[in-house]
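Participant: Sharing a structure here in structure tokens format.
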There are 2 protein chains.
Amino acid sequence: MTGTHDFYGVISPVLTPFGKDGNPDAERYLALCKWLLADGCTGLAPFGTTGEANSLGVQERMDLLDALVEGGVDPKVLMPGTGLCALSDTATVTAHAVELGCGGVMMLPPFYYKAVSDDGLFAYYADIIERVGDARLKIYLYHIPPVAQVGLSVDLVGRLIKAYPDTVVGLKDSSGDWSNTKALLDAFPGFTVFPGSEIFLLEGLRNGAAGCITATGNVNARMIRNVYDNWQTDQADALQAEITAFRQTIQARPMIPMLKAIVAHFNNDPEWNRLRPPFLPLDEADAKAGIAELTEQYGFELKAA
Amino acid sequence: MTGTHDFYGVISPVLTPFGKDGNPDAERYLALCKWLLADGCTGLAPFGTTGEANSLGVQERMDLLDALVEGGVDPKVLMPGTGLCALSDTATVTAHAVELGCGGVMMLPPFYYKAVSDDGLFAYYADIIERVGDARLKIYLYHIPPVAQVGLSVDLVGRLIKAYPDTVVGLKDSSGDWSNTKALLDAFPGFTVFPGSEIFLLEGLRNGAAGCITATGNVNARMIRNVYDNWQTDQADALQAEITAFRQTIQARPMIPMLKAIVAHFNNDPEWNRLRPPFLPLDEADAKAGIAELTEQYGFELKAA
């Protein structure tokens with residue numbers, strides 16, 4: 001399914017660069033975003049899990065988003081992550097994204113307290129929507145139980161769509177569980193569903209998904225976009241097999257430091273190797289080995305867009 | 001062990017009241033804090049798990065803390081929770097608490113990303129300490145793996161104490177696992193350890209703990225304090241058995257809404273029944289049943305302090 005969604009295709013959650021002082025580096029961030037859009041991404045999701053978003057403060061997120069829009073990125077292609085633990089902080093950064101004209105926001109459920117009820121999560125989203133109070137708000141729910149622990153059941157998603165059909169318009173499913181993605185696609189035709197990995201891209205598109213939102217888009221957008229563009233051709237399965245294998249090679253190592261090591265290596269820019277604690281960089285030998293595997297197995301290199 | 005610690009005795013994490021508009025109610029908050037100190041608490045931990053802290057925004061925490069100190073609460077008895085997901089937000093609220101003169105802060109590890117390394121968590125705390133850069137900073141680590149999922153190993157605690165002996169001075173152990181509390185007490189004599197429940201108060205004191213930091217302090221500080229004051233007497237075991245049973249009755253229902261229902265009931269103030277999503281109040285019948293059990297089994301009532 002394409003064309004009927006505001007967001008579709010290959011959306012990359014954006015890696016966040018940090019400077020020597022440990023603070024976000026807005027200049028490198030803008031440069032990466034522009035490069036990703038030129039390399040095949042149809043949209044960007046700043047402040048996803050991959051972007052170390054939950055290591056970024058409230059003000060830092062707003063400042064970085066300002067920098068992207070001031071730097072010339074079309075806010076319509078931006079779907080920033082705005083789901084923090086605290087309802088009030090979530091409302092603040094969400095309202096800011098809407099004011100900037102962002103095409104949507106990607107919103108985690110509140111994730112500190114565990115075993116909360118669907119009624120409680122419904123009340124949370126309802127409260128955010130009321131606080132933001134803006135018809136331009138388009139929420140893409142973010143379901144990532146392996147990390148957030150708190151997830152969004154199919155039943156809860158249905159209740160939210162029913163109550164807020166013009167606001168709760170999509171979902172990123174990073175459960176890694178295709179049966180959950182399939183259940184959402186079957187239950188809610190017209191609702192915009194993105195698998196959270198390109199491994200499910202082709203199967204997703206065949207079942208009505210709008211594309212994928214994937215961490216590896218940071219380094220492999222072009223190949224993933226090629227699957228998206230050719231999913232109805234005879235080549236589709238072979239192309240999908242290739243990006244699946246590539247993804248598996250990447251995720252054999254800790255994903256975020258590995259992606260940063262790749263960006264650092266191919267841009268000759270070691271600054272990109274910096275992560276914010278609690279994350280640490282890969283050790284150099286491990287990063288080199290990972291990059292060598294990608295080069296040997298896929299003839300991979302990051303090319304200037 | 002008493003007298004050698006800056007914080008000791010019965011410390012209550014403070015329930016947070018919310019007004020009709022869903023925002024924190026600073027006036028009721030201040031009143032509860034003063035009441036708790038008059039009722040037997042030797043210290044207060046605003047913004048703990050019980051205080052729905054992780055549903056409170058960065059600015060809300062700072063505003064509430066300001067309100068307590070401006071309202072006359074001695075900052076020396078305050079140990080606010082300042083551990084958020086993001087290093088930068090944690091540094092901001094921690095520096096604010098230090099500036100206000102708080103006796104200490106209680107600091108969760110960053111809890112969004114899972115399976116992070118001890119090295120990464122060490123780097124996180126080191127970075128916070130460096131950013132705050134104030135010799136007055138006293139950190140009480142907050143270990144609560146059942147909720148935060150990310151915990152603090154005994155080994156990591158030892159490394160932090162060794163690197164920052166004047167700053168990393170204590171720990172609240174809400175693991176619910178006495179063997180972990182005992183391991184900390186045995187490993188680090190002089191380090192201030194608080195079990196996170198009064199169930200372990202007497203056993204803790206006999207093994208060198210400084211007291212306890214406990215949710216039920218919000219309603220039962222006087223009885224818990226009585227155990228603390230008499231732990232070396234013949235009555236100690238009988239007194240401990242009583243507060244253990246009381247705790248078990250409370251925690252048979254969802255703890256935070258049950259505590260708020262008790263405060264609401266005995267103060268004839270239904271405003272206290274409000275929680276911030278994702279939490280919801282107990283249903284009325286359930287709350288009444290819980291309060292009836294406490295009244296019948298323990299002759300319990302909240303008395304004006």
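In the structure tokens, chains take letters A, B, ... by order of appearance, with residues numbered from 1 within each chain and ligands from 1 in the order shown.
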Taking the DSSP secondary structure from the backbone, can you list the residues of range 154-251 of chain B that are strand (DSSP E or B), as a ChimeraX atom specification?

Facilitator: /B:168-173,192-195,211-213

Participant: Please, could you write that set of residues out with N, CA and C atoms as a tab-separated table (two decimals), in the first residue's frame?

Facilitator:
chain	number	residue	atom	x	y	z
B	168	VAL	N	29.36	9.39	46.21
B	168	VAL	CA	28.46	8.22	46.17
B	168	VAL	C	28.45	7.63	47.58
B	169	VAL	N	27.45	8.06	48.37
B	169	VAL	CA	27.50	7.79	49.80
B	169	VAL	C	26.46	6.79	50.29
B	170	GLY	N	25.51	6.42	49.42
B	170	GLY	CA	24.49	5.50	49.90
B	170	GLY	C	23.69	4.87	48.78
B	171	LEU	N	22.74	4.03	49.18
B	171	LEU	CA	21.93	3.31	48.20
B	171	LEU	C	20.59	2.92	48.81
B	172	LYS	N	19.55	3.07	48.02
B	172	LYS	CA	18.25	2.50	48.39
B	172	LYS	C	18.08	1.21	47.62
B	173	ASP	N	17.89	0.12	48.35
B	173	ASP	CA	17.75	-1.18	47.70
B	173	ASP	C	16.29	-1.61	47.68
B	192	THR	N	25.91	4.07	53.34
B	192	THR	CA	24.56	4.17	53.89
B	192	THR	C	23.57	3.36	53.05
B	193	VAL	N	23.11	2.25	53.60
B	193	VAL	CA	22.19	1.40	52.84
B	193	VAL	C	20.80	1.44	53.48
B	194	PHE	N	19.81	1.70	52.64
B	194	PHE	CA	18.42	1.66	53.07
B	194	PHE	C	17.67	0.55	52.33
B	195	PRO	N	17.13	-0.43	53.03
B	195	PRO	CA	16.19	-1.31	52.33
B	195	PRO	C	15.00	-0.45	51.86
B	211	GLY	N	18.36	2.55	58.22
B	211	GLY	CA	16.93	2.75	58.41
B	211	GLY	C	16.23	2.15	57.21
B	212	CYS	N	15.14	2.78	56.75
B	212	CYS	CA	14.53	2.32	55.51
B	212	CYS	C	13.89	3.50	54.79
B	213	ILE	N	13.74	3.35	53.49
B	213	ILE	CA	13.02	4.34	52.69
B	213	ILE	C	11.83	3.58	52.13

Participant: May I have the residues of chain A within 6 Å of chain B, counting only C-alpha atoms, written as a ChimeraX atom specification?

Facilitator: /A:54-57,85-89,120-121,123-124,277-280

Participant: Which residues, written as an mmCIF file with N, CA and C atoms, in the first residue's frame, have at least one atom at most 9 Å from Leu108 in chain A, with only C-alpha atoms counted and residues fewer than 6 positions away on the same chain left out?

Facilitator:
data_model
loop_
_atom_site.group_PDB
_atom_site.id
_atom_site.type_symbol
_atom_site.label_atom_id
_atom_site.label_comp_id
_atom_site.auth_asym_id
_atom_site.auth_seq_id
_atom_site.Cartn_x
_atom_site.Cartn_y
_atom_site.Cartn_z
ATOM 1 N N GLY A 81 10.516 11.472 17.479
ATOM 2 C CA GLY A 81 10.057 10.757 18.666
ATOM 3 C C GLY A 81 9.793 11.753 19.775
ATOM 4 N N THR A 82 8.593 11.712 20.330
ATOM 5 C CA THR A 82 8.228 12.674 21.380
ATOM 6 C C THR A 82 7.644 11.987 22.617
ATOM 7 N N GLY A 83 7.821 10.677 22.699
ATOM 8 C CA GLY A 83 7.245 9.969 23.840
ATOM 9 C C GLY A 83 8.257 9.817 24.956
ATOM 10 N N LEU A 84 8.122 10.611 26.003
ATOM 11 C CA LEU A 84 9.001 10.503 27.168
ATOM 12 C C LEU A 84 8.250 9.799 28.284
ATOM 13 N N CYS A 85 8.882 9.643 29.414
ATOM 14 C CA CYS A 85 8.217 8.992 30.547
ATOM 15 C C CYS A 85 7.051 9.798 31.074
ATOM 16 N N TYR A 140 2.045 8.670 15.469
ATOM 17 C CA TYR A 140 2.417 7.306 15.103
ATOM 18 C C TYR A 140 2.848 6.618 16.388
ATOM 19 N N LEU A 141 2.057 5.664 16.830
ATOM 20 C CA LEU A 141 2.372 4.950 18.065
ATOM 21 C C LEU A 141 3.668 4.164 17.881
ATOM 22 N N TYR A 142 4.399 4.012 18.951
ATOM 23 C CA TYR A 142 5.699 3.333 18.868
ATOM 24 C C TYR A 142 5.676 2.123 19.805
ATOM 25 N N HIS A 143 5.595 0.957 19.176
ATOM 26 C CA HIS A 143 5.486 -0.303 19.926
ATOM 27 C C HIS A 143 6.824 -1.025 19.876
ATOM 28 N N ILE A 144 7.544 -1.017 20.996
ATOM 29 C CA ILE A 144 8.874 -1.645 21.028
ATOM 30 C C ILE A 144 9.084 -2.341 22.376
ATOM 31 N N ALA A 148 11.196 -0.951 25.566
ATOM 32 C CA ALA A 148 10.351 -0.167 26.473
ATOM 33 C C ALA A 148 9.679 -1.034 27.531
ATOM 34 N N VAL A 150 6.945 -1.777 28.146
ATOM 35 C CA VAL A 150 5.529 -1.438 28.080
ATOM 36 C C VAL A 150 5.137 -1.397 26.602
ATOM 37 N N GLY A 151 4.176 -2.202 26.220
ATOM 38 C CA GLY A 151 3.764 -2.261 24.824
ATOM 39 C C GLY A 151 2.336 -1.799 24.624
#

Participant: Would you mind telling me which residue in A:Val10, A:Thr16, A:Leu36, A:Val219 lies nearest to Ser197 in chain A when using only C-alpha atoms?

Facilitator: A:Val10

Participant: Report, in Å with one decimal, the straight-line distance from CA of Glu242 in chain B to CA of Ala287 in chain B.

Facilitator: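 Between these atoms lies a distance of 21.5 Å.
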
Participant: Among the residues of range 106-305 of chain B, find those DSSP assigns to helix (DSSP H, G or I) from the backbone and print them as a VMD selection string.

Facilitator: chain B and resid 118 to 132 145 to 148 154 to 163 178 to 187 198 to 206 217 to 229 236 to 250 255 to 266 270 to 273 284 to 298

Participant: May I have the residues from that selection written out with C-alpha atoms, as an mmCIF file, in the first residue's frame?

Facilitator:
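To be explicit, this is the file written out as again35.cif:
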data_model
loop_
_atom_site.group_PDB
_atom_site.id
_atom_site.type_symbol
_atom_site.label_atom_id
_atom_site.label_comp_id
_atom_site.auth_asym_id
_atom_site.auth_seq_id
_atom_site.Cartn_x
_atom_site.Cartn_y
_atom_site.Cartn_z
ATOM 1 C CA ASP B 118 28.401 -1.772 34.036
ATOM 2 C CA ASP B 119 31.082 0.255 32.257
ATOM 3 C CA GLY B 120 28.345 2.275 30.542
ATOM 4 C CA LEU B 121 26.501 2.861 33.807
ATOM 5 C CA PHE B 122 29.740 3.865 35.515
ATOM 6 C CA ALA B 123 30.407 6.346 32.706
ATOM 7 C CA TYR B 124 26.881 7.716 33.127
ATOM 8 C CA TYR B 125 27.281 8.440 36.852
ATOM 9 C CA ALA B 126 30.804 9.800 36.295
ATOM 10 C CA ASP B 127 29.470 12.174 33.649
ATOM 11 C CA ILE B 128 26.667 13.416 35.921
ATOM 12 C CA ILE B 129 29.099 14.004 38.797
ATOM 13 C CA GLU B 130 31.410 15.937 36.492
ATOM 14 C CA ARG B 131 28.597 18.015 34.988
ATOM 15 C CA VAL B 132 27.182 18.941 38.390
ATOM 16 C CA PRO B 145 15.219 -3.708 39.159
ATOM 17 C CA PRO B 146 11.581 -4.884 39.377
ATOM 18 C CA VAL B 147 10.521 -1.522 37.920
ATOM 19 C CA ALA B 148 13.543 0.100 36.280
ATOM 20 C CA VAL B 154 27.351 -4.908 43.859
ATOM 21 C CA ASP B 155 30.508 -4.734 41.783
ATOM 22 C CA LEU B 156 29.429 -1.500 40.072
ATOM 23 C CA VAL B 157 28.442 0.043 43.412
ATOM 24 C CA GLY B 158 31.920 -0.784 44.712
ATOM 25 C CA ARG B 159 33.573 0.843 41.721
ATOM 26 C CA LEU B 160 31.518 4.007 42.167
ATOM 27 C CA ILE B 161 32.269 4.225 45.888
ATOM 28 C CA LYS B 162 35.967 3.783 45.201
ATOM 29 C CA ALA B 163 36.039 6.454 42.489
ATOM 30 C CA TRP B 178 17.368 -9.319 51.256
ATOM 31 C CA SER B 179 20.447 -11.225 50.091
ATOM 32 C CA ASN B 180 21.351 -8.280 47.858
ATOM 33 C CA THR B 181 20.890 -5.799 50.711
ATOM 34 C CA LYS B 182 22.995 -8.014 52.964
ATOM 35 C CA ALA B 183 25.719 -8.291 50.325
ATOM 36 C CA LEU B 184 25.897 -4.482 50.082
ATOM 37 C CA LEU B 185 26.004 -4.072 53.875
ATOM 38 C CA ASP B 186 28.752 -6.671 54.182
ATOM 39 C CA ALA B 187 30.804 -5.328 51.277
ATOM 40 C CA GLU B 198 10.104 -1.644 56.195
ATOM 41 C CA ILE B 199 9.763 -5.428 55.955
ATOM 42 C CA PHE B 200 13.568 -5.515 56.106
ATOM 43 C CA LEU B 201 13.946 -2.718 58.671
ATOM 44 C CA LEU B 202 14.885 -4.700 61.787
ATOM 45 C CA GLU B 203 17.039 -7.212 59.933
ATOM 46 C CA GLY B 204 18.645 -4.266 58.164
ATOM 47 C CA LEU B 205 19.420 -2.384 61.384
ATOM 48 C CA ARG B 206 20.941 -5.520 62.911
ATOM 49 C CA GLY B 217 5.872 5.821 55.288
ATOM 50 C CA ASN B 218 3.219 8.029 53.688
ATOM 51 C CA VAL B 219 0.581 6.544 55.995
ATOM 52 C CA ASN B 220 2.421 4.554 58.648
ATOM 53 C CA ALA B 221 5.503 6.535 59.583
ATOM 54 C CA ARG B 222 4.749 6.541 63.292
ATOM 55 C CA MET B 223 4.647 2.753 63.650
ATOM 56 C CA ILE B 224 7.723 2.294 61.495
ATOM 57 C CA ARG B 225 9.587 4.926 63.457
ATOM 58 C CA ASN B 226 8.695 3.077 66.621
ATOM 59 C CA VAL B 227 10.539 0.029 65.328
ATOM 60 C CA TYR B 228 13.517 2.184 64.447
ATOM 61 C CA ASP B 229 13.567 3.797 67.905
ATOM 62 C CA ALA B 236 11.706 -5.165 68.526
ATOM 63 C CA ASP B 237 10.603 -8.420 66.904
ATOM 64 C CA ALA B 238 6.979 -7.997 67.918
ATOM 65 C CA LEU B 239 6.918 -4.407 66.641
ATOM 66 C CA GLN B 240 8.541 -5.490 63.389
ATOM 67 C CA ALA B 241 5.947 -8.259 62.909
ATOM 68 C CA GLU B 242 3.204 -5.677 63.190
ATOM 69 C CA ILE B 243 4.583 -3.293 60.559
ATOM 70 C CA THR B 244 5.354 -6.228 58.253
ATOM 71 C CA ALA B 245 1.743 -7.402 58.424
ATOM 72 C CA PHE B 246 0.493 -3.870 57.858
ATOM 73 C CA ARG B 247 2.684 -3.500 54.784
ATOM 74 C CA GLN B 248 1.448 -6.781 53.380
ATOM 75 C CA THR B 249 -2.142 -5.646 53.740
ATOM 76 C CA ILE B 250 -1.370 -2.430 51.874
ATOM 77 C CA MET B 255 0.339 0.364 46.093
ATOM 78 C CA ILE B 256 0.268 3.948 44.833
ATOM 79 C CA PRO B 257 -3.514 4.251 44.320
ATOM 80 C CA MET B 258 -4.099 2.449 47.641
ATOM 81 C CA LEU B 259 -1.870 4.897 49.513
ATOM 82 C CA LYS B 260 -3.588 7.842 47.869
ATOM 83 C CA ALA B 261 -7.002 6.396 48.774
ATOM 84 C CA ILE B 262 -5.924 6.170 52.425
ATOM 85 C CA VAL B 263 -4.695 9.759 52.493
ATOM 86 C CA ALA B 264 -7.898 10.900 50.767
ATOM 87 C CA HIS B 265 -10.135 8.959 53.158
ATOM 88 C CA PHE B 266 -8.631 10.021 56.459
ATOM 89 C CA PRO B 270 -11.096 13.187 47.648
ATOM 90 C CA GLU B 271 -8.682 15.336 45.633
ATOM 91 C CA TRP B 272 -5.962 12.998 46.843
ATOM 92 C CA ASN B 273 -7.488 10.138 44.850
ATOM 93 C CA GLU B 284 -14.116 3.025 45.025
ATOM 94 C CA ALA B 285 -15.322 -0.309 46.363
ATOM 95 C CA ASP B 286 -11.828 -1.759 46.275
ATOM 96 C CA ALA B 287 -10.374 1.249 48.049
ATOM 97 C CA LYS B 288 -13.067 1.065 50.738
ATOM 98 C CA ALA B 289 -12.448 -2.636 51.248
ATOM 99 C CA GLY B 290 -8.728 -2.005 51.662
ATOM 100 C CA ILE B 291 -9.287 0.761 54.179
ATOM 101 C CA ALA B 292 -11.779 -1.388 56.096
ATOM 102 C CA GLU B 293 -9.192 -4.161 56.377
ATOM 103 C CA LEU B 294 -6.637 -1.771 57.811
ATOM 104 C CA THR B 295 -9.125 -0.358 60.280
ATOM 105 C CA GLU B 296 -10.362 -3.752 61.442
ATOM 106 C CA GLN B 297 -7.036 -5.542 61.578
ATOM 107 C CA TYR B 298 -4.878 -2.793 63.033
#

Participant: Would you work out the distance separating CA of Lys34 in chain A from CA of Gly71 in chain A, expressed in Å to one decimal?

Facilitator: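 For CA of Lys34 in chain A relative to CA of Gly71 in chain A, the distance reads 9.3 Å.
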
Participant: CA of Asp21 in chain A to CA of Asp283 in chain A: how many Å, to one decimal?

Facilitator: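 Pair CA of Asp21 in chain A / CA of Asp283 in chain A returns 20.5 Å.
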
Participant: Neighbours of Leu78 in chain B within 9 Å (only C-alpha atoms; same-chain residues fewer than 5 positions away dropped), as a list in words?

Facilitator: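 Here the qualifying residues turn out to be Gly43, Leu44, Ala45, Pro46, Val73, Gly101, Cys102, Gly103, Gly104 and Val105 of chain B.
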
Participant: Find the residues near Thr167 in chain B: any atom within 6 Å, counting only C-alpha atoms, skip ones fewer than 3 places away on the same chain, and give them as a VMD selection string.

Facilitator: chain B and resid 137 to 139 164

Participant: Any chance you could export the current selection's C-alpha atoms as a compact mmCIF listing (two decimals), in the first residue's frame?

Facilitator:
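Contents of selection.txt, freshly written:
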# COMPACT_ATOMS: atom_id res chain seq x y z
CA LEU B 137 26.53 16.59 45.83
CA LYS B 138 25.68 13.42 47.79
CA ILE B 139 24.29 10.60 45.68
CA TYR B 164 33.77 8.96 44.29
